[in-house]
$ cat entry_1.cif   # mmCIF, C-alpha atoms
data_start
#
loop_
_atom_site.group_PDB
_atom_site.id
_atom_site.type_symbol
_atom_site.label_atom_id
_atom_site.label_comp_id
_atom_site.auth_asym_id
_atom_site.auth_seq_id
_atom_site.Cartn_x
_atom_site.Cartn_y
_atom_site.Cartn_z
ATOM 1 C CA MET A 10 19.978 28.483 -8.703
ATOM 2 C CA PHE A 11 19.642 26.812 -5.294
ATOM 3 C CA MET A 12 16.700 29.025 -4.382
ATOM 4 C CA VAL A 13 14.970 28.201 -7.679
ATOM 5 C CA ARG A 14 15.393 24.461 -7.103
ATOM 6 C CA PHE A 15 14.284 24.829 -3.492
ATOM 7 C CA SER A 16 11.183 26.752 -4.568
ATOM 8 C CA LEU A 17 10.362 24.116 -7.193
ATOM 9 C CA ALA A 18 10.746 21.365 -4.584
ATOM 10 C CA LEU A 19 8.410 23.187 -2.198
ATOM 11 C CA ALA A 20 5.877 23.665 -5.003
ATOM 12 C CA LEU A 21 6.009 19.948 -5.836
ATOM 13 C CA ILE A 22 5.483 18.971 -2.191
ATOM 14 C CA ALA A 23 2.587 21.423 -1.870
ATOM 15 C CA THR A 24 1.031 19.988 -5.031
ATOM 16 C CA LEU A 25 1.320 16.433 -3.707
ATOM 17 C CA LEU A 26 -0.179 17.366 -0.365
ATOM 18 C CA SER A 27 -3.043 19.228 -2.009
ATOM 19 C CA CYS A 28 -4.003 16.260 -4.189
ATOM 20 C CA SER A 29 -7.125 14.399 -3.246
ATOM 21 C CA MET A 30 -6.693 10.902 -1.876
ATOM 22 C CA ASP A 31 -8.289 9.462 -5.005
ATOM 23 C CA ASN A 32 -5.597 11.104 -7.114
ATOM 24 C CA LEU A 33 -2.932 9.407 -4.985
ATOM 25 C CA ALA A 34 -4.646 6.019 -5.207
ATOM 26 C CA VAL A 35 -3.924 2.996 -7.362
ATOM 27 C CA TYR A 36 -6.246 0.179 -8.400
ATOM 28 C CA CYS A 37 -5.712 -3.249 -6.839
ATOM 29 C CA THR A 38 -7.189 -6.544 -8.015
ATOM 30 C CA ASP A 39 -6.824 -10.305 -7.849
ATOM 31 C CA LEU A 40 -5.281 -12.587 -10.454
ATOM 32 C CA ASN A 41 -8.436 -12.926 -12.547
ATOM 33 C CA GLY A 42 -9.751 -9.393 -12.153
ATOM 34 C CA SER A 43 -12.708 -10.604 -10.085
ATOM 35 C CA PHE A 44 -12.833 -7.272 -8.241
ATOM 36 C CA HIS A 45 -11.009 -3.971 -7.944
ATOM 37 C CA PHE A 46 -10.649 -1.198 -5.391
ATOM 38 C CA LYS A 47 -8.497 1.875 -4.833
ATOM 39 C CA GLY A 48 -5.673 1.853 -2.293
ATOM 40 C CA ALA A 49 -4.216 5.210 -1.280
ATOM 41 C CA ILE A 50 -0.830 6.255 -0.007
ATOM 42 C CA PRO A 51 0.958 4.509 1.540
ATOM 43 C CA PRO A 52 0.934 2.433 -1.634
ATOM 44 C CA LEU A 53 -0.355 -1.116 -1.540
ATOM 45 C CA LYS A 54 1.356 -4.258 -2.761
ATOM 46 C CA PRO A 55 0.337 -7.925 -2.660
ATOM 47 C CA GLY A 56 1.324 -9.484 0.653
ATOM 48 C CA VAL A 57 1.156 -12.727 2.638
ATOM 49 C CA VAL A 58 -1.335 -13.142 5.468
ATOM 50 C CA GLU A 59 0.990 -15.215 7.676
ATOM 51 C CA LYS A 60 3.283 -12.214 8.042
ATOM 52 C CA ILE A 61 0.828 -10.490 10.337
ATOM 53 C CA TRP A 62 -1.978 -12.782 11.397
ATOM 54 C CA ASP A 63 -1.335 -16.482 11.928
ATOM 55 C CA ILE A 64 -4.422 -17.914 10.295
ATOM 56 C CA LYS A 65 -4.741 -20.757 7.822
ATOM 57 C CA GLN A 66 -7.569 -19.481 5.644
ATOM 58 C CA GLN A 67 -7.002 -18.806 1.985
ATOM 59 C CA ALA A 68 -7.235 -15.077 1.504
ATOM 60 C CA ILE A 69 -6.144 -12.315 -0.816
ATOM 61 C CA VAL A 70 -3.854 -9.928 1.024
ATOM 62 C CA PHE A 71 -2.543 -6.444 0.297
ATOM 63 C CA GLU A 72 0.072 -4.733 2.451
ATOM 64 C CA ALA A 73 0.586 -1.013 2.913
ATOM 65 C CA VAL A 74 4.112 0.264 2.355
ATOM 66 C CA PRO A 75 4.604 3.533 4.259
ATOM 67 C CA ASP A 76 5.835 6.437 2.154
ATOM 68 C CA TYR A 77 7.664 8.737 4.556
ATOM 69 C CA THR A 78 8.405 11.275 1.828
ATOM 70 C CA VAL A 79 4.827 12.558 1.605
ATOM 71 C CA GLY A 80 3.654 14.515 4.658
ATOM 72 C CA ASP A 81 2.678 12.324 7.621
ATOM 73 C CA LEU A 82 1.062 9.656 5.450
ATOM 74 C CA GLY A 83 3.546 7.086 6.702
ATOM 75 C CA ASP A 84 2.326 7.442 10.268
ATOM 76 C CA ILE A 85 -0.643 5.069 10.101
ATOM 77 C CA GLY A 86 1.570 2.146 11.126
ATOM 78 C CA PRO A 87 3.920 -0.219 9.339
ATOM 79 C CA THR A 88 1.226 -2.090 7.436
ATOM 80 C CA TYR A 89 -2.381 -3.096 7.158
ATOM 81 C CA ILE A 90 -4.020 -6.056 5.492
ATOM 82 C CA LEU A 91 -6.956 -6.412 3.186
ATOM 83 C CA MET A 92 -8.529 -9.861 2.975
ATOM 84 C CA VAL A 93 -11.229 -10.593 0.457
ATOM 85 C CA ASN A 94 -13.326 -13.757 0.380
ATOM 86 C CA TYR A 95 -16.727 -14.529 -0.980
ATOM 87 C CA GLY A 96 -19.627 -16.965 -0.840
ATOM 88 C CA ALA A 97 -23.354 -17.260 -1.382
ATOM 89 C CA THR A 98 -24.493 -16.934 2.245
ATOM 90 C CA GLU A 99 -26.363 -13.913 3.638
ATOM 91 C CA ILE A 100 -24.905 -11.002 5.621
ATOM 92 C CA ASP A 101 -26.609 -11.604 8.987
ATOM 93 C CA PRO A 102 -25.667 -15.287 9.446
ATOM 94 C CA ALA A 103 -22.143 -14.584 8.197
ATOM 95 C CA MET A 104 -21.704 -11.795 10.744
ATOM 96 C CA THR A 105 -23.149 -13.968 13.530
ATOM 97 C CA VAL A 106 -20.657 -16.750 12.795
ATOM 98 C CA PHE A 107 -17.759 -14.273 12.588
ATOM 99 C CA LYS A 108 -18.757 -12.428 15.781
ATOM 100 C CA ASN A 109 -19.019 -15.700 17.727
ATOM 101 C CA TYR A 110 -15.569 -16.638 16.468
ATOM 102 C CA LEU A 111 -14.086 -13.314 17.612
ATOM 103 C CA ILE A 112 -15.646 -13.681 21.070
ATOM 104 C CA GLY A 113 -14.395 -17.269 21.349
ATOM 105 C CA GLN A 114 -10.855 -16.164 20.459
ATOM 106 C CA ASP A 115 -10.935 -13.316 23.033
ATOM 107 C CA TYR A 116 -10.496 -10.708 20.287
ATOM 108 C CA CYS A 117 -13.030 -8.330 21.830
ATOM 109 C CA GLY A 118 -12.074 -5.364 23.985
ATOM 110 C CA ASN A 119 -14.124 -2.430 25.243
ATOM 111 C CA LEU A 120 -16.771 -1.316 22.716
ATOM 112 C CA GLU A 121 -15.566 -3.951 20.230
ATOM 113 C CA CYS A 122 -17.273 -6.897 18.506
ATOM 114 C CA ILE A 123 -20.536 -4.976 18.174
ATOM 115 C CA PRO A 124 -21.878 -5.225 14.597
ATOM 116 C CA GLU A 125 -23.021 -1.925 13.095
ATOM 117 C CA PRO A 126 -24.629 -1.090 9.746
ATOM 118 C CA PHE A 127 -22.500 0.798 7.227
ATOM 119 C CA THR A 128 -22.895 2.306 3.769
ATOM 120 C CA LEU A 129 -19.882 3.324 1.717
ATOM 121 C CA GLY A 130 -20.544 4.066 -1.929
ATOM 122 C CA GLU A 131 -22.600 1.218 -3.369
ATOM 123 C CA ASN A 132 -21.576 -1.161 -0.586
ATOM 124 C CA SER A 133 -23.914 -1.600 2.388
ATOM 125 C CA GLY A 134 -23.805 -4.228 5.077
ATOM 126 C CA GLN A 135 -22.387 -4.691 8.543
ATOM 127 C CA LYS A 136 -19.025 -3.804 10.046
ATOM 128 C CA ILE A 137 -17.388 -4.949 13.263
ATOM 129 C CA LEU A 138 -14.291 -3.807 15.198
ATOM 130 C CA TRP A 139 -11.925 -6.161 17.041
ATOM 131 C CA ARG A 140 -8.274 -6.515 18.037
ATOM 132 C CA SER A 141 -5.598 -9.187 18.396
ATOM 133 C CA GLU A 142 -2.005 -9.537 19.584
ATOM 134 C CA SER A 143 0.637 -10.616 17.073
ATOM 135 C CA LYS A 144 4.408 -10.249 16.853
ATOM 136 C CA GLY A 145 4.544 -7.800 19.743
ATOM 137 C CA TYR A 146 1.836 -5.476 18.397
ATOM 138 C CA THR A 147 -1.813 -4.948 19.137
ATOM 139 C CA TRP A 148 -3.594 -5.062 15.783
ATOM 140 C CA TYR A 149 -6.914 -3.267 15.415
ATOM 141 C CA ALA A 150 -9.217 -4.648 12.739
ATOM 142 C CA ARG A 151 -12.293 -3.371 10.943
ATOM 143 C CA ASP A 152 -14.226 -6.038 9.102
ATOM 144 C CA TYR A 153 -16.885 -5.244 6.506
ATOM 145 C CA ILE A 154 -19.360 -7.872 5.294
ATOM 146 C CA PHE A 155 -21.636 -6.930 2.393
ATOM 147 C CA LYS A 156 -23.214 -8.290 -0.778
ATOM 148 C CA ARG A 157 -22.853 -7.149 -4.376
ATOM 149 C CA GLU A 158 -24.615 -8.870 -7.261
ATOM 150 C CA GLY A 159 -25.615 -11.801 -5.049
ATOM 151 C CA ILE A 160 -22.103 -12.476 -3.746
ATOM 152 C CA LEU A 161 -20.959 -11.976 -0.161
ATOM 153 C CA TYR A 162 -17.687 -10.092 0.340
ATOM 154 C CA HIS A 163 -15.674 -9.921 3.554
ATOM 155 C CA ILE A 164 -12.976 -7.257 3.828
ATOM 156 C CA SER A 165 -10.722 -6.973 6.875
ATOM 157 C CA ILE A 166 -8.525 -3.903 7.316
ATOM 158 C CA GLN A 167 -5.949 -4.183 10.093
ATOM 159 C CA SER A 168 -3.534 -1.638 11.521
ATOM 160 C CA ILE A 169 -1.556 -0.892 14.664
ATOM 161 C CA GLU A 170 -3.572 2.344 14.816
ATOM 162 C CA ARG A 171 -6.929 2.212 16.625
ATOM 163 C CA GLU A 172 -8.326 5.276 14.868
ATOM 164 C CA SER A 173 -10.116 4.937 11.552
ATOM 165 C CA ARG A 174 -8.501 6.649 8.575
ATOM 166 C CA PRO A 175 -10.074 8.053 5.380
ATOM 167 C CA GLU A 176 -8.103 5.571 3.273
ATOM 168 C CA TYR A 177 -9.906 2.688 4.989
ATOM 169 C CA ASP A 178 -13.258 4.068 3.861
ATOM 170 C CA MET A 179 -11.919 4.561 0.344
ATOM 171 C CA ILE A 180 -10.946 0.885 0.047
ATOM 172 C CA VAL A 181 -14.473 -0.250 0.908
ATOM 173 C CA ARG A 182 -16.222 2.587 -0.959
ATOM 174 C CA THR A 183 -14.400 1.838 -4.214
ATOM 175 C CA PHE A 184 -14.617 -1.965 -3.940
ATOM 176 C CA THR A 185 -16.366 -3.099 -7.124
ATOM 177 C CA PRO A 186 -16.871 -6.511 -8.755
ATOM 178 C CA GLY A 187 -15.071 -6.872 -12.073
ATOM 179 C CA PRO A 188 -11.630 -5.968 -13.427
ATOM 180 C CA PRO A 189 -10.048 -2.548 -12.859
ATOM 181 C CA PRO A 190 -10.722 0.101 -15.528
ATOM 182 C CA GLU A 191 -7.006 0.546 -16.206
ATOM 183 C CA PRO A 192 -3.824 -1.557 -15.993
ATOM 184 C CA THR A 193 -2.308 -1.966 -12.541
ATOM 185 C CA THR A 194 0.743 -3.473 -10.875
ATOM 186 C CA CYS A 195 -1.206 -4.016 -7.630
ATOM 187 C CA ARG A 196 -2.349 -7.533 -8.522
ATOM 188 C CA THR A 197 -2.201 -10.660 -6.369
ATOM 189 C CA GLU A 198 -0.980 -14.000 -7.691
ATOM 190 C CA ILE A 199 -4.094 -15.920 -6.613
ATOM 191 C CA ALA A 200 -7.723 -15.753 -7.668
ATOM 192 C CA LEU A 201 -10.582 -14.835 -5.361
ATOM 193 C CA PRO A 202 -11.114 -17.854 -3.070
ATOM 194 C CA THR A 203 -14.437 -19.392 -2.096
ATOM 195 C CA TYR A 204 -15.613 -18.269 1.328
ATOM 196 C CA ASN A 205 -17.746 -20.299 3.713
ATOM 197 C CA PRO A 206 -17.956 -18.592 7.144
ATOM 198 C CA SER A 207 -19.604 -21.618 8.803
ATOM 199 C CA SER A 208 -16.673 -23.902 8.020
ATOM 200 C CA LEU A 209 -13.955 -21.277 8.422
ATOM 201 C CA PHE A 210 -14.939 -19.687 11.733
ATOM 202 C CA ASN A 211 -15.931 -22.479 14.090
#
$ encode --input "entry_1.cif" --output "structure tokens"
Amino acid sequence: MFMVRFSLALALIATLLSCSMDNLAVYCTDLNGSFHFKGAIPPLKPGVVEKIWDIKQQAIVFEAVPDYTVGDLGDIGPTYILMVNYGATEIDPAMTVFKNYLIGQDYCGNLECIPEPFTLGENSGQKILWRSESKGYTWYARDYIFKREGILYHISIQSIERESRPEYDMIVRTFTPGPPPEPTTCRTEIALPTYNPSSLFN
């Protein structure tokens, strides 16, 4: 009986590890369903920006909760943050304002704070890498600024890991305006805030 249960457990683990990341993902959205995206394991939950990064901007935040029961998927670090804001400005001036802010705050290390073009799914724009110190950790951030349907979106993914991970790309690739196609528990308590880079990053 023990061997049967052990074999079943191994089969379940193998099945989980063989699943694609999309199959392990859940939809996340804001209060009003203004957007949705997929967040993979470790699962995401709504969070609070002050926990990690001491900024005063209004932002929608999702935290990663490591799941140490599935392979090494808990090894990306204790958490990362997704911040989503929007406004009517264009990509280039928004990135210029943000880059100047990062430089002024000394958030730029070697080969960082250099805007690069990106395309992930239907989202194309500019991305930039930077890092900051907070609560005894060095946090590495990847910010993506792009437009969809005339609206500018700014997503920041932060982790204590410098290396990029496939789940980061999935968040940006699946980011879509509008409500999620199915019910979800990964929903923040606030609506998508208005975003004005010129007044926020100065």
$ resolve_selection --input "entry_1.cif" --expression "the PyMOL selection byres ((chain A and resi 69) around 6)" --output "VMD selection string"
chain A and resid 68 70 92 to 93
$ write_last_selection --input "entry_1.cif" --atoms "C-alpha atoms" --output "mmCIF file, keeping the file's coordinate frame"
data_model
loop_
_atom_site.group_PDB
_atom_site.id
_atom_site.type_symbol
_atom_site.label_atom_id
_atom_site.label_comp_id
_atom_site.auth_asym_id
_atom_site.auth_seq_id
_atom_site.Cartn_x
_atom_site.Cartn_y
_atom_site.Cartn_z
ATOM 1 C CA ALA A 68 -7.235 -15.077 1.504
ATOM 2 C CA VAL A 70 -3.854 -9.928 1.024
ATOM 3 C CA MET A 92 -8.529 -9.861 2.975
ATOM 4 C CA VAL A 93 -11.229 -10.593 0.457
#
$ atom_distance --input "entry_1.cif" --atom1 "CA of Arg182 in chain A" --atom2 "CA of Pro202 in chain A"
21.2 Å
$ closest_atom_pairs --input "entry_1.cif" --of "range 91-144 of chain A" --to "range 184-188 of chain A" --cutoff "12 Å" --atoms "all atoms listed in the file" --output "Markdown table"
| residue | atom | partner | partner_atom | distance |
| --- | --- | --- | --- | --- |
| A:Leu91 | CA | A:Phe184 | CA | 11.4 |
| A:Val93 | CA | A:Phe184 | CA | 10.3 |
| A:Tyr95 | CA | A:Pro186 | CA | 11.2 |
| A:Leu129 | CA | A:Phe184 | CA | 9.4 |
| A:Gly130 | CA | A:Phe184 | CA | 8.7 |
| A:Glu131 | CA | A:Thr185 | CA | 8.5 |
| A:Asn132 | CA | A:Phe184 | CA | 7.8 |
| A:Ser133 | CA | A:Phe184 | CA | 11.3 |
$ atom_distance --input "entry_1.cif" --atom1 "CA of Phe71 in chain A" --atom2 "CA of Pro55 in chain A"
4.4 Å
$ residues_around --input "entry_1.cif" --residues "Thr183 in chain A" --least-positions-apart "6" --cutoff "8 Å" --atoms "only C-alpha atoms" --output "list in words"
His45, Phe46, Lys47 and Gly130 of chain A
$ residues_around --input "entry_1.cif" --residues "Thr193 in chain A" --least-positions-apart "5" --cutoff "8 Å" --atoms "only C-alpha atoms" --output "PyMOL selection string"
chain A and resi 35-37
$ resolve_selection --input "entry_1.cif" --expression "the PyMOL selection byres ((chain A and resi 145-151) around 8)" --output "PyMOL selection string"
chain A and resi 136-144+152-153+165-171
$ atom_distance --input "entry_1.cif" --atom1 "CA of Tyr110 in chain A" --atom2 "CA of Ile154 in chain A"
14.7 Å
$ resolve_selection --input "entry_1.cif" --expression "the PyMOL selection byres ((chain A and resi 108) around 10)" --output "list in words"
Pro102, Ala103, Met104, Thr105, Val106, Phe107, Asn109, Tyr110, Leu111, Ile112, Gly113, Gln114, Tyr116, Cys117, Cys122, Ile123, Pro124, Ile137, Leu138, Trp139 and Phe210 of chain A
$ closest_residue --input "entry_1.cif" --among "A:Leu201, A:Leu120, A:Ile100, A:Cys195" --to "Pro52 in chain A" --atoms "all atoms listed in the file"
A:Cys195
$ closest_residue --input "entry_1.cif" --among "A:Asp39, A:Ala34, A:Arg157, A:Pro126" --to "Ala200 in chain A" --atoms "all atoms listed in the file"
A:Asp39
$ closest_residue --input "entry_1.cif" --among "A:Asn119, A:Thr128, A:Ser173, A:Thr197" --to "Leu40 in chain A" --atoms "all atoms listed in the file"
A:Thr197
